[in-house]
>>> print(open('final.pdb').read())   # PDB, C-alpha atoms and all ligand atoms
ATOM      1  CA  MET A   1      55.727 -14.690 -68.107
ATOM      2  CA  THR A   2      57.782 -11.605 -68.915
ATOM      3  CA  LEU A   3      61.523 -11.650 -68.581
ATOM      4  CA  GLY A   4      63.309  -8.689 -67.044
ATOM      5  CA  THR A   5      66.236  -7.084 -68.854
ATOM      6  CA  LYS A   6      68.636  -8.543 -66.314
ATOM      7  CA  THR A   7      67.241 -12.039 -66.802
ATOM      8  CA  VAL A   8      67.503 -11.830 -70.585
ATOM      9  CA  PHE A   9      71.053 -10.487 -70.330
ATOM     10  CA  ALA A  10      71.993 -13.331 -67.974
ATOM     11  CA  MET A  11      70.525 -15.857 -70.431
ATOM     12  CA  LEU A  12      72.458 -14.327 -73.325
ATOM     13  CA  LEU A  13      75.676 -14.506 -71.313
ATOM     14  CA  ALA A  14      74.993 -18.149 -70.483
ATOM     15  CA  MET A  15      74.351 -18.920 -74.157
ATOM     16  CA  MET A  16      77.541 -17.183 -75.250
ATOM     17  CA  ALA A  17      79.505 -19.071 -72.614
ATOM     18  CA  ALA A  18      78.172 -22.401 -73.835
ATOM     19  CA  PRO A  19      77.714 -22.219 -77.617
ATOM     20  CA  GLY A  20      77.141 -25.979 -77.702
ATOM     21  CA  ALA A  21      73.925 -25.436 -75.791
ATOM     22  CA  VAL A  22      72.669 -23.022 -78.422
ATOM     23  CA  HIS A  23      73.453 -25.123 -81.489
ATOM     24  CA  ALA A  24      73.716 -28.560 -79.923
ATOM     25  CA  ALA A  25      75.267 -30.826 -82.527
ATOM     26  CA  GLY A  26      73.563 -34.042 -81.633
ATOM     27  CA  ASP A  27      75.643 -37.201 -81.425
ATOM     28  CA  VAL A  28      74.901 -40.763 -82.453
ATOM     29  CA  ILE A  29      76.702 -43.623 -80.772
ATOM     30  CA  ALA A  30      77.392 -46.388 -83.291
ATOM     31  CA  VAL A  31      78.563 -49.818 -82.159
ATOM     32  CA  VAL A  32      78.277 -53.475 -83.166
ATOM     33  CA  LYS A  33      76.633 -55.589 -80.495
ATOM     34  CA  SER A  34      75.723 -59.292 -80.790
ATOM     35  CA  GLY A  35      76.016 -59.030 -84.567
ATOM     36  CA  ASN A  36      73.701 -56.055 -84.841
ATOM     37  CA  LEU A  37      74.617 -52.556 -85.903
ATOM     38  CA  VAL A  38      73.367 -50.453 -82.984
ATOM     39  CA  LEU A  39      72.785 -46.704 -83.288
ATOM     40  CA  ILE A  40      71.809 -44.627 -80.268
ATOM     41  CA  GLY A  41      70.823 -41.029 -80.891
ATOM     42  CA  ASP A  42      70.408 -38.299 -78.338
ATOM     43  CA  ALA A  43      67.804 -35.676 -77.466
ATOM     44  CA  GLU A  44      68.789 -33.518 -80.453
ATOM     45  CA  GLY A  45      67.834 -34.058 -84.079
ATOM     46  CA  ASN A  46      70.168 -36.664 -85.576
ATOM     47  CA  THR A  47      70.809 -37.163 -89.288
ATOM     48  CA  VAL A  48      72.786 -40.173 -90.482
ATOM     49  CA  THR A  49      73.169 -42.253 -93.631
ATOM     50  CA  ILE A  50      74.227 -45.906 -93.716
ATOM     51  CA  ASP A  51      75.822 -47.530 -96.764
ATOM     52  CA  GLN A  52      78.228 -50.296 -97.749
ATOM     53  CA  ALA A  53      79.732 -48.956-100.962
ATOM     54  CA  GLY A  54      83.031 -50.748-101.603
ATOM     55  CA  LEU A  55      82.909 -52.520 -98.234
ATOM     56  CA  PRO A  56      82.811 -56.234 -97.285
ATOM     57  CA  VAL A  57      79.312 -57.595 -96.540
ATOM     58  CA  THR A  58      79.744 -57.373 -92.757
ATOM     59  CA  ASP A  59      80.964 -53.751 -92.821
ATOM     60  CA  PHE A  60      78.736 -50.701 -92.674
ATOM     61  CA  ARG A  61      79.579 -47.027 -93.063
ATOM     62  CA  ILE A  62      77.668 -44.510 -90.919
ATOM     63  CA  THR A  63      77.924 -40.962 -92.203
ATOM     64  CA  PRO A  64      76.611 -37.984 -90.240
ATOM     65  CA  THR A  65      75.270 -34.939 -92.043
ATOM     66  CA  GLY A  66      74.605 -31.398 -90.932
ATOM     67  CA  THR A  67      75.614 -30.790 -87.343
ATOM     68  CA  THR A  68      75.291 -34.443 -86.298
ATOM     69  CA  THR A  69      78.366 -36.361 -85.190
ATOM     70  CA  VAL A  70      78.944 -40.132 -84.960
ATOM     71  CA  ASN A  71      80.892 -41.349 -81.930
ATOM     72  CA  GLY A  72      81.805 -37.737 -81.275
ATOM     73  CA  ILE A  73      83.281 -36.902 -84.667
ATOM     74  CA  ALA A  74      81.838 -35.156 -87.713
ATOM     75  CA  ALA A  75      83.016 -37.809 -90.185
ATOM     76  CA  ALA A  76      82.001 -41.227 -91.459
ATOM     77  CA  VAL A  77      82.666 -44.258 -89.282
ATOM     78  CA  VAL A  78      83.022 -47.810 -90.659
ATOM     79  CA  LEU A  79      82.054 -50.643 -88.340
ATOM     80  CA  THR A  80      82.770 -54.307 -88.979
ATOM     81  CA  GLY A  81      81.255 -57.606 -87.834
ATOM     82  CA  VAL A  82      77.599 -56.966 -88.595
ATOM     83  CA  THR A  83      76.058 -60.402 -89.144
ATOM     84  CA  LYS A  84      72.464 -59.593 -88.217
ATOM     85  CA  GLY A  85      70.494 -56.374 -88.551
ATOM     86  CA  LEU A  86      70.093 -52.795 -87.431
ATOM     87  CA  VAL A  87      68.786 -51.474 -84.120
ATOM     88  CA  ALA A  88      68.509 -47.674 -84.212
ATOM     89  CA  THR A  89      67.112 -45.743 -81.250
ATOM     90  CA  LEU A  90      67.173 -42.149 -82.355
ATOM     91  CA  GLY A  91      65.691 -40.391 -79.336
ATOM     92  CA  GLU A  92      63.912 -37.082 -79.604
ATOM     93  CA  GLY A  93      64.082 -35.479 -83.019
ATOM     94  CA  PRO A  94      63.610 -34.430 -85.641
ATOM     95  CA  ASN A  95      65.735 -37.345 -86.851
ATOM     96  CA  THR A  96      66.579 -38.578 -90.331
ATOM     97  CA  LEU A  97      67.934 -42.060 -90.981
ATOM     98  CA  VAL A  98      68.698 -43.170 -94.531
ATOM     99  CA  THR A  99      70.092 -46.505 -95.689
ATOM    100  CA  THR A 100      71.427 -46.697 -99.232
ATOM    101  CA  ALA A 101      71.868 -50.044-101.021
ATOM    102  CA  VAL A 102      72.574 -51.913 -97.798
ATOM    103  CA  ALA A 103      72.104 -55.661 -97.265
ATOM    104  CA  PHE A 104      71.171 -56.569 -93.697
ATOM    105  CA  PRO A 105      71.066 -60.338 -92.979
ATOM    106  CA  GLY A 106      68.676 -59.825 -90.031
ATOM    107  CA  ASN A 107      65.928 -57.576 -88.685
ATOM    108  CA  VAL A 108      65.751 -53.791 -88.781
ATOM    109  CA  VAL A 109      64.259 -51.910 -85.821
ATOM    110  CA  VAL A 110      64.105 -48.105 -85.764
ATOM    111  CA  LYS A 111      62.606 -46.018 -82.944
ATOM    112  CA  ALA A 112      62.201 -42.263 -82.867
ATOM    113  CA  GLY A 113      60.588 -39.623 -80.666
ATOM    114  CA  SER A 114      57.731 -37.156 -80.750
ATOM    115  CA  LEU A 115      58.948 -34.771 -83.464
ATOM    116  CA  ASP A 116      58.992 -35.089 -87.278
ATOM    117  CA  ASP A 117      61.154 -38.062 -88.212
ATOM    118  CA  THR A 118      62.144 -39.445 -91.602
ATOM    119  CA  VAL A 119      63.316 -43.000 -92.254
ATOM    120  CA  VAL A 120      64.347 -44.160 -95.722
ATOM    121  CA  LEU A 121      65.233 -47.836 -96.146
ATOM    122  CA  GLY A 122      67.073 -48.587 -99.348
ATOM    123  CA  GLY A 123      68.485 -52.057 -99.994
ATOM    124  CA  ASP A 124      67.671 -55.599 -98.928
ATOM    125  CA  ILE A 125      66.566 -56.667 -95.466
ATOM    126  CA  ALA A 126      66.555 -60.439 -94.956
ATOM    127  CA  GLY A 127      64.425 -60.301 -91.804
ATOM    128  CA  ASN A 128      61.539 -58.202 -90.468
ATOM    129  CA  VAL A 129      61.324 -54.419 -90.299
ATOM    130  CA  LYS A 130      59.770 -52.556 -87.370
ATOM    131  CA  ILE A 131      59.606 -48.762 -87.426
ATOM    132  CA  VAL A 132      58.224 -46.872 -84.397
ATOM    133  CA  LEU A 133      58.024 -43.163 -85.143
ATOM    134  CA  GLY A 134      56.090 -41.626 -82.247
ATOM    135  CA  ALA A 135      54.099 -38.445 -82.696
ATOM    136  CA  GLY A 136      54.918 -35.771 -85.282
ATOM    137  CA  GLU A 137      54.701 -35.583 -89.056
ATOM    138  CA  ASN A 138      56.733 -38.677 -89.806
ATOM    139  CA  THR A 139      57.722 -40.110 -93.160
ATOM    140  CA  PHE A 140      58.818 -43.647 -94.009
ATOM    141  CA  PHE A 141      60.059 -44.815 -97.402
ATOM    142  CA  LEU A 142      60.871 -48.320 -98.532
ATOM    143  CA  ASP A 143      62.933 -47.093-101.432
ATOM    144  CA  ASN A 144      62.584 -48.075-105.104
ATOM    145  CA  GLY A 145      63.369 -51.728-105.766
ATOM    146  CA  SER A 146      64.170 -52.449-102.128
ATOM    147  CA  ALA A 147      63.202 -55.763-100.560
ATOM    148  CA  VAL A 148      62.043 -56.796 -97.102
ATOM    149  CA  VAL A 149      61.913 -60.587 -96.890
ATOM    150  CA  GLY A 150      59.814 -60.641 -93.703
ATOM    151  CA  LYS A 151      57.136 -58.399 -92.213
ATOM    152  CA  LEU A 152      56.934 -54.621 -92.282
ATOM    153  CA  ASP A 153      55.411 -52.912 -89.219
ATOM    154  CA  VAL A 154      55.152 -49.155 -88.888
ATOM    155  CA  LYS A 155      53.677 -47.436 -85.833
ATOM    156  CA  ALA A 156      53.187 -43.721 -85.468
ATOM    157  CA  GLY A 157      51.224 -41.457 -83.151
ATOM    158  CA  GLU A 158      49.353 -38.194 -83.579
ATOM    159  CA  GLY A 159      50.291 -36.118 -86.610
ATOM    160  CA  GLY A 160      49.995 -36.673 -90.333
ATOM    161  CA  ASP A 161      52.272 -39.525 -91.321
ATOM    162  CA  ALA A 162      53.240 -40.562 -94.837
ATOM    163  CA  ILE A 163      54.257 -44.109 -95.735
ATOM    164  CA  PHE A 164      55.701 -44.999 -99.118
ATOM    165  CA  ILE A 165      56.408 -48.471-100.466
ATOM    166  CA  ASN A 166      58.044 -47.199-103.581
ATOM    167  CA  ASN A 167      58.299 -48.393-107.181
ATOM    168  CA  GLY A 168      59.135 -52.053-107.490
ATOM    169  CA  ALA A 169      59.777 -52.499-103.763
ATOM    170  CA  THR A 170      58.716 -55.827-102.258
ATOM    171  CA  VAL A 171      57.644 -57.090 -98.844
ATOM    172  CA  GLY A 172      57.632 -60.875 -98.442
ATOM    173  CA  ASN A 173      55.132 -61.076 -95.582
ATOM    174  CA  ASN A 174      52.463 -58.914 -93.931
ATOM    175  CA  VAL A 175      52.462 -55.114 -93.840
ATOM    176  CA  LYS A 176      50.878 -53.532 -90.764
ATOM    177  CA  LEU A 177      50.637 -49.756 -90.482
ATOM    178  CA  ALA A 178      49.178 -48.203 -87.299
ATOM    179  CA  LEU A 179      49.247 -44.491 -87.940
ATOM    180  CA  GLY A 180      47.118 -42.846 -85.244
ATOM    181  CA  ALA A 181      45.268 -39.572 -85.681
ATOM    182  CA  GLY A 182      46.166 -36.945 -88.284
ATOM    183  CA  ALA A 183      46.003 -36.750 -92.047
ATOM    184  CA  ASN A 184      47.886 -39.909 -92.943
ATOM    185  CA  ALA A 185      48.799 -41.042 -96.438
ATOM    186  CA  VAL A 186      49.869 -44.504 -97.585
ATOM    187  CA  PHE A 187      51.294 -45.164-101.034
ATOM    188  CA  LEU A 188      52.016 -48.590-102.480
ATOM    189  CA  ASN A 189      53.617 -47.215-105.580
ATOM    190  CA  PRO A 190      53.768 -48.648-109.121
ATOM    191  CA  ALA A 191      54.790 -52.288-109.403
ATOM    192  CA  SER A 192      55.380 -52.693-105.674
ATOM    193  CA  GLN A 193      54.425 -56.092-104.266
ATOM    194  CA  VAL A 194      53.327 -57.319-100.861
ATOM    195  CA  THR A 195      53.186 -61.095-100.594
ATOM    196  CA  GLY A 196      51.126 -61.069 -97.370
ATOM    197  CA  ASN A 197      48.207 -59.046 -95.998
ATOM    198  CA  VAL A 198      48.149 -55.269 -95.791
ATOM    199  CA  VAL A 199      46.428 -53.761 -92.743
ATOM    200  CA  VAL A 200      46.227 -49.999 -92.205
ATOM    201  CA  LYS A 201      44.736 -48.525 -89.035
ATOM    202  CA  ALA A 202      44.212 -44.822 -88.513
ATOM    203  CA  LYS A 203      42.114 -42.627 -86.252
ATOM    204  CA  ASP A 204      40.543 -39.189 -86.712
ATOM    205  CA  GLY A 205      41.790 -37.234 -89.709
ATOM    206  CA  THR A 206      41.602 -37.361 -93.467
ATOM    207  CA  ASP A 207      43.458 -40.446 -94.583
ATOM    208  CA  ASP A 208      44.435 -41.382 -98.127
ATOM    209  CA  PHE A 209      45.414 -44.813 -99.405
ATOM    210  CA  PHE A 210      46.840 -45.478-102.871
ATOM    211  CA  LEU A 211      47.490 -48.862-104.432
ATOM    212  CA  ASN A 212      49.108 -47.490-107.519
ATOM    213  CA  ASN A 213      49.443 -48.794-111.073
ATOM    214  CA  ASN A 214      50.409 -52.459-111.347
ATOM    215  CA  ALA A 215      50.996 -52.805-107.607
ATOM    216  CA  ILE A 216      50.054 -56.183-106.122
ATOM    217  CA  ILE A 217      48.824 -57.301-102.711
ATOM    218  CA  ALA A 218      48.877 -61.113-102.798
ATOM    219  CA  LYS A 219      46.495 -61.589 -99.854
ATOM    220  CA  ASN A 220      43.917 -59.283 -98.219
ATOM    221  CA  LEU A 221      43.747 -55.512 -97.826
ATOM    222  CA  THR A 222      42.105 -54.097 -94.667
ATOM    223  CA  LEU A 223      41.771 -50.355 -94.146
ATOM    224  CA  ASP A 224      40.327 -49.209 -90.811
ATOM    225  CA  LEU A 225      40.507 -45.453 -91.219
ATOM    226  CA  GLY A 226      38.290 -43.904 -88.557
ATOM    227  CA  ALA A 227      36.582 -40.536 -88.939
ATOM    228  CA  GLY A 228      37.500 -37.923 -91.556
ATOM    229  CA  GLY A 229      36.999 -37.759 -95.295
ATOM    230  CA  ASN A 230      39.060 -40.760 -96.308
ATOM    231  CA  ASP A 231      39.976 -41.479 -99.935
ATOM    232  CA  ILE A 232      40.954 -44.908-101.195
ATOM    233  CA  PHE A 233      42.346 -45.489-104.669
ATOM    234  CA  LEU A 234      43.033 -48.896-106.200
ATOM    235  CA  ASN A 235      44.551 -47.543-109.371
ATOM    236  CA  ASN A 236      45.049 -48.842-112.896
ATOM    237  CA  ASN A 237      45.850 -52.536-113.213
ATOM    238  CA  SER A 238      46.521 -52.935-109.511
ATOM    239  CA  THR A 239      45.612 -56.253-107.905
ATOM    240  CA  VAL A 240      44.431 -57.435-104.529
ATOM    241  CA  THR A 241      44.331 -61.218-104.788
ATOM    242  CA  GLY A 242      42.211 -61.640-101.655
ATOM    243  CA  SER A 243      39.449 -59.474-100.229
ATOM    244  CA  VAL A 244      39.300 -55.724 -99.634
ATOM    245  CA  VAL A 245      37.657 -54.420 -96.463
ATOM    246  CA  VAL A 246      37.423 -50.668 -95.878
ATOM    247  CA  LYS A 247      35.969 -49.161 -92.710
ATOM    248  CA  GLY A 248      35.323 -45.497 -92.091
ATOM    249  CA  THR A 249      33.096 -43.689 -89.624
ATOM    250  CA  ALA A 250      31.915 -40.065 -89.826
ATOM    251  CA  GLY A 251      33.103 -38.031 -92.827
ATOM    252  CA  ASP A 252      32.795 -38.104 -96.600
ATOM    253  CA  ASP A 253      34.649 -41.177 -97.791
ATOM    254  CA  ALA A 254      35.444 -42.077-101.384
ATOM    255  CA  PHE A 255      36.529 -45.398-102.907
ATOM    256  CA  PHE A 256      37.894 -45.716-106.434
ATOM    257  CA  LEU A 257      38.502 -48.991-108.266
ATOM    258  CA  ASN A 258      40.149 -47.617-111.365
ATOM    259  CA  ASP A 259      40.720 -48.949-114.888
ATOM    260  CA  GLY A 260      41.893 -52.528-114.988
ATOM    261  CA  ALA A 261      42.138 -52.886-111.217
ATOM    262  CA  ASN A 262      40.973 -56.198-109.833
ATOM    263  CA  ILE A 263      40.009 -57.779-106.549
ATOM    264  CA  GLY A 264      40.144 -61.574-106.263
ATOM    265  CA  GLU A 265      37.549 -61.988-103.525
ATOM    266  CA  THR A 266      35.002 -59.801-101.685
ATOM    267  CA  LEU A 267      34.864 -56.005-101.648
ATOM    268  CA  LEU A 268      33.302 -54.767 -98.389
ATOM    269  CA  LEU A 269      32.911 -51.032 -97.792
ATOM    270  CA  LYS A 270      31.538 -49.838 -94.423
ATOM    271  CA  PHE A 271      31.650 -46.074 -94.553
ATOM    272  CA  GLY A 272      29.420 -44.863 -91.730
ATOM    273  CA  ALA A 273      27.805 -41.435 -91.974
ATOM    274  CA  GLY A 274      28.745 -38.801 -94.567
ATOM    275  CA  ALA A 275      28.342 -38.204 -98.278
ATOM    276  CA  ASN A 276      30.257 -41.270 -99.418
ATOM    277  CA  ASP A 277      31.184 -42.064-103.018
ATOM    278  CA  VAL A 278      32.032 -45.377-104.672
ATOM    279  CA  PHE A 279      33.479 -45.580-108.189
ATOM    280  CA  LEU A 280      33.928 -48.925-109.956
ATOM    281  CA  ASN A 281      35.453 -47.855-113.245
ATOM    282  CA  GLY A 282      36.025 -49.465-116.647
ATOM    283  CA  ASN A 283      37.509 -52.945-117.002
ATOM    284  CA  THR A 284      37.721 -53.455-113.279
ATOM    285  CA  SER A 285      36.701 -56.719-111.691
ATOM    286  CA  VAL A 286      35.658 -58.004-108.287
ATOM    287  CA  ALA A 287      35.493 -61.810-108.295
ATOM    288  CA  GLY A 288      33.494 -62.031-105.056
ATOM    289  CA  ASN A 289      30.594 -60.060-103.632
ATOM    290  CA  VAL A 290      30.451 -56.293-103.437
ATOM    291  CA  VAL A 291      28.925 -55.107-100.174
ATOM    292  CA  PHE A 292      28.396 -51.435 -99.403
ATOM    293  CA  LYS A 293      27.147 -50.297 -96.007
ATOM    294  CA  THR A 294      26.567 -46.691 -95.109
ATOM    295  CA  LYS A 295      24.422 -44.668 -92.737
ATOM    296  CA  GLN A 296      23.455 -41.962 -95.182
ATOM    297  CA  GLY A 297      24.295 -40.673 -98.610
ATOM    298  CA  CYS A 298      25.682 -42.673-101.513
ATOM    299  CA  THR A 299      26.280 -41.870-105.170
TER     300      THR A 299
HETATM  301 CA    CA B 301      67.613 -37.659 -81.611
HETATM  302 CA    CA B 302      58.265 -38.729 -84.440
END
>>> encode(input="final.pdb", output="structure tokens")
Amino acid sequence: MTLGTKTVFAMLLAMMAAPGAVHAAGDVIAVVKSGNLVLIGDAEGNTVTIDQAGLPVTDFRITPTGTTTVNGIAAAVVLTGVTKGLVATLGEGPNTLVTTAVAFPGNVVVKAGSLDDTVVLGGDIAGNVKIVLGAGENTFFLDNGSAVVGKLDVKAGEGGDAIFINNGATVGNNVKLALGAGANAVFLNPASQVTGNVVVKAKDGTDDFFLNNNAIIAKNLTLDLGAGGNDIFLNNNSTVTGSVVVKGTAGDDAFFLNDGANIGETLLLKFGAGANDVFLNGNTSVAGNVVFKTKQGCT
């Protein structure tokens, strides 16, 4: 489609008449409902931070950044009476939601749209965490030293997503990451701990999984990574107390059990076709059986 000079001029006039439509600010409604802190974003990108610095335990401060407003104003809002968790529905994006040193007594649920969203959870969550990020290149961080007492579920669609359980962070129950197609990356960073199972599902695309130094998974690790050249690293002195099952299909997959890493039960690698590599390095241990299944190629 080509636009005539008159049409373009008319559009420019319309834009000048309604500057808000050109640089729409994006507003987040923040309320407390049934003990939950409820955030409702709009169709624009919304950026907000939540903290409790200097506030009573049931009070939360929501601070907008950039062009975002909260309840129509470009300044922090403090809400009181939060006795449960957080329900944030951010709408279309790109959205950024950050919590800093918060303590939520209940569950945290965050939903975002089809663009690139970022969610950073810092603090302690006494319940479960469910993060639904839609399509796009999404990023989720459980920040350093943060704690989720219950389960952690992250769902994302097409697009390369990155999930970080950062240094010393803990999850008290199962971690389930369903990341869809795209080049996804999952990091359980140094000294992080998951008390339950860790299950990662991905589709087409090159996926990477890192259980980094001294990180611990107290039950089983299951990686179902689909096609693409997937790389899996269980790095130095990391531990999976239960079994490790890794499934790939087409593509060159690589599995590394690095120095001092140990697996308490079975290691099962089903890599499908491709030039797959398996490295069991020095001082590593697998207490159960090691089973490697592939259609072709192995070094
Ligand atoms: Ca939004
Ligand atoms: Ca998204």
>>> residues_near_ligand(input="final.pdb", ligand="ligand CA 302 (chain B)", cutoff="12 Å", atoms="all atoms listed in the file", output="NGL selection string")
:A and (45 or 89-96 or 110-119 or 131-140 or 154-162 or 179-180)
>>> write_last_selection(input="final.pdb", atoms="C-alpha atoms", output="PDB file, in the coordinates of the input")
ATOM      1  CA  GLY A  45      67.834 -34.058 -84.079  1.00  0.00           C
ATOM      2  CA  THR A  89      67.112 -45.743 -81.250  1.00  0.00           C
ATOM      3  CA  LEU A  90      67.173 -42.149 -82.355  1.00  0.00           C
ATOM      4  CA  GLY A  91      65.691 -40.391 -79.336  1.00  0.00           C
ATOM      5  CA  GLU A  92      63.912 -37.082 -79.604  1.00  0.00           C
ATOM      6  CA  GLY A  93      64.082 -35.479 -83.019  1.00  0.00           C
ATOM      7  CA  PRO A  94      63.610 -34.430 -85.641  1.00  0.00           C
ATOM      8  CA  ASN A  95      65.735 -37.345 -86.851  1.00  0.00           C
ATOM      9  CA  THR A  96      66.579 -38.578 -90.331  1.00  0.00           C
ATOM     10  CA  VAL A 110      64.105 -48.105 -85.764  1.00  0.00           C
ATOM     11  CA  LYS A 111      62.606 -46.018 -82.944  1.00  0.00           C
ATOM     12  CA  ALA A 112      62.201 -42.263 -82.867  1.00  0.00           C
ATOM     13  CA  GLY A 113      60.588 -39.623 -80.666  1.00  0.00           C
ATOM     14  CA  SER A 114      57.731 -37.156 -80.750  1.00  0.00           C
ATOM     15  CA  LEU A 115      58.948 -34.771 -83.464  1.00  0.00           C
ATOM     16  CA  ASP A 116      58.992 -35.089 -87.278  1.00  0.00           C
ATOM     17  CA  ASP A 117      61.154 -38.062 -88.212  1.00  0.00           C
ATOM     18  CA  THR A 118      62.144 -39.445 -91.602  1.00  0.00           C
ATOM     19  CA  VAL A 119      63.316 -43.000 -92.254  1.00  0.00           C
ATOM     20  CA  ILE A 131      59.606 -48.762 -87.426  1.00  0.00           C
ATOM     21  CA  VAL A 132      58.224 -46.872 -84.397  1.00  0.00           C
ATOM     22  CA  LEU A 133      58.024 -43.163 -85.143  1.00  0.00           C
ATOM     23  CA  GLY A 134      56.090 -41.626 -82.247  1.00  0.00           C
ATOM     24  CA  ALA A 135      54.099 -38.445 -82.696  1.00  0.00           C
ATOM     25  CA  GLY A 136      54.918 -35.771 -85.282  1.00  0.00           C
ATOM     26  CA  GLU A 137      54.701 -35.583 -89.056  1.00  0.00           C
ATOM     27  CA  ASN A 138      56.733 -38.677 -89.806  1.00  0.00           C
ATOM     28  CA  THR A 139      57.722 -40.110 -93.160  1.00  0.00           C
ATOM     29  CA  PHE A 140      58.818 -43.647 -94.009  1.00  0.00           C
ATOM     30  CA  VAL A 154      55.152 -49.155 -88.888  1.00  0.00           C
ATOM     31  CA  LYS A 155      53.677 -47.436 -85.833  1.00  0.00           C
ATOM     32  CA  ALA A 156      53.187 -43.721 -85.468  1.00  0.00           C
ATOM     33  CA  GLY A 157      51.224 -41.457 -83.151  1.00  0.00           C
ATOM     34  CA  GLU A 158      49.353 -38.194 -83.579  1.00  0.00           C
ATOM     35  CA  GLY A 159      50.291 -36.118 -86.610  1.00  0.00           C
ATOM     36  CA  GLY A 160      49.995 -36.673 -90.333  1.00  0.00           C
ATOM     37  CA  ASP A 161      52.272 -39.525 -91.321  1.00  0.00           C
ATOM     38  CA  ALA A 162      53.240 -40.562 -94.837  1.00  0.00           C
ATOM     39  CA  LEU A 179      49.247 -44.491 -87.940  1.00  0.00           C
ATOM     40  CA  GLY A 180      47.118 -42.846 -85.244  1.00  0.00           C
TER      41      GLY A 180
END
>>> resolve_selection(input="final.pdb", expression="the PyMOL selection byres (((chain A and resi 69) around 12) and not hetatm)", output="mmCIF file with C-alpha atoms, in the frame of the given file")
data_model
loop_
_atom_site.group_PDB
_atom_site.id
_atom_site.type_symbol
_atom_site.label_atom_id
_atom_site.label_comp_id
_atom_site.auth_asym_id
_atom_site.auth_seq_id
_atom_site.Cartn_x
_atom_site.Cartn_y
_atom_site.Cartn_z
ATOM 1 C CA ALA A 24 73.716 -28.560 -79.923
ATOM 2 C CA ALA A 25 75.267 -30.826 -82.527
ATOM 3 C CA GLY A 26 73.563 -34.042 -81.633
ATOM 4 C CA ASP A 27 75.643 -37.201 -81.425
ATOM 5 C CA VAL A 28 74.901 -40.763 -82.453
ATOM 6 C CA ILE A 29 76.702 -43.623 -80.772
ATOM 7 C CA ALA A 30 77.392 -46.388 -83.291
ATOM 8 C CA LEU A 39 72.785 -46.704 -83.288
ATOM 9 C CA ILE A 40 71.809 -44.627 -80.268
ATOM 10 C CA GLY A 41 70.823 -41.029 -80.891
ATOM 11 C CA ASP A 42 70.408 -38.299 -78.338
ATOM 12 C CA GLU A 44 68.789 -33.518 -80.453
ATOM 13 C CA GLY A 45 67.834 -34.058 -84.079
ATOM 14 C CA ASN A 46 70.168 -36.664 -85.576
ATOM 15 C CA THR A 47 70.809 -37.163 -89.288
ATOM 16 C CA VAL A 48 72.786 -40.173 -90.482
ATOM 17 C CA THR A 49 73.169 -42.253 -93.631
ATOM 18 C CA ILE A 62 77.668 -44.510 -90.919
ATOM 19 C CA THR A 63 77.924 -40.962 -92.203
ATOM 20 C CA PRO A 64 76.611 -37.984 -90.240
ATOM 21 C CA THR A 65 75.270 -34.939 -92.043
ATOM 22 C CA GLY A 66 74.605 -31.398 -90.932
ATOM 23 C CA THR A 67 75.614 -30.790 -87.343
ATOM 24 C CA THR A 68 75.291 -34.443 -86.298
ATOM 25 C CA VAL A 70 78.944 -40.132 -84.960
ATOM 26 C CA ASN A 71 80.892 -41.349 -81.930
ATOM 27 C CA GLY A 72 81.805 -37.737 -81.275
ATOM 28 C CA ILE A 73 83.281 -36.902 -84.667
ATOM 29 C CA ALA A 74 81.838 -35.156 -87.713
ATOM 30 C CA ALA A 75 83.016 -37.809 -90.185
ATOM 31 C CA ALA A 76 82.001 -41.227 -91.459
ATOM 32 C CA VAL A 77 82.666 -44.258 -89.282
#
>>> atom_distance(input="final.pdb", atom1="atom CA of Asp143 of chain A", atom2="atom CA of Ala169 of chain A")
6.7 Å
>>> residues_around(input="final.pdb", residues="Ala147 of chain A", least_positions_apart="6", cutoff="6 Å", atoms="all atoms listed in the file", output="NGL selection string")
:A and (124 or 169-171)
>>> closest_residue(input="final.pdb", among="A:Val78, A:Ala88, A:Ala261, A:Val57", to="ligand CA 301 (chain B)", atoms="all atoms listed in the file")
A:Ala88
>>> residues_around(input="final.pdb", residues="Val82 of chain A", least_positions_apart="3", cutoff="7 Å", atoms="all atoms listed in the file", output="ChimeraX atom specification")
/A:32,35-37,58-59
>>> residues_around(input="final.pdb", residues="Ala191 of chain A", least_positions_apart="3", cutoff="6 Å", atoms="all atoms listed in the file", output="PyMOL selection string")
chain A and resi 167-168+214-215
>>> resolve_selection(input="final.pdb", expression="the PyMOL selection byres (((chain A and resi 198-206) around 6) and not hetatm)", output="VMD selection string")
chain A and resid 174 to 183 197 207 221 to 230
>>> axis_aligned_box(input="final.pdb", around="segment 191-206 of chain A", padding_each_side="3 Å", output="lines of an AutoDock Vina configuration file")
center_x = 48.0
center_y = -49.2
center_z = -97.8
size_x = 20.8
size_y = 29.9
size_z = 29.2
>>> resolve_selection(input="final.pdb", expression="the PyMOL selection byres (((chain A and resi 273) around 6) and not hetatm)", output="PyMOL selection string")
chain A and resi 250+272+274+295-296
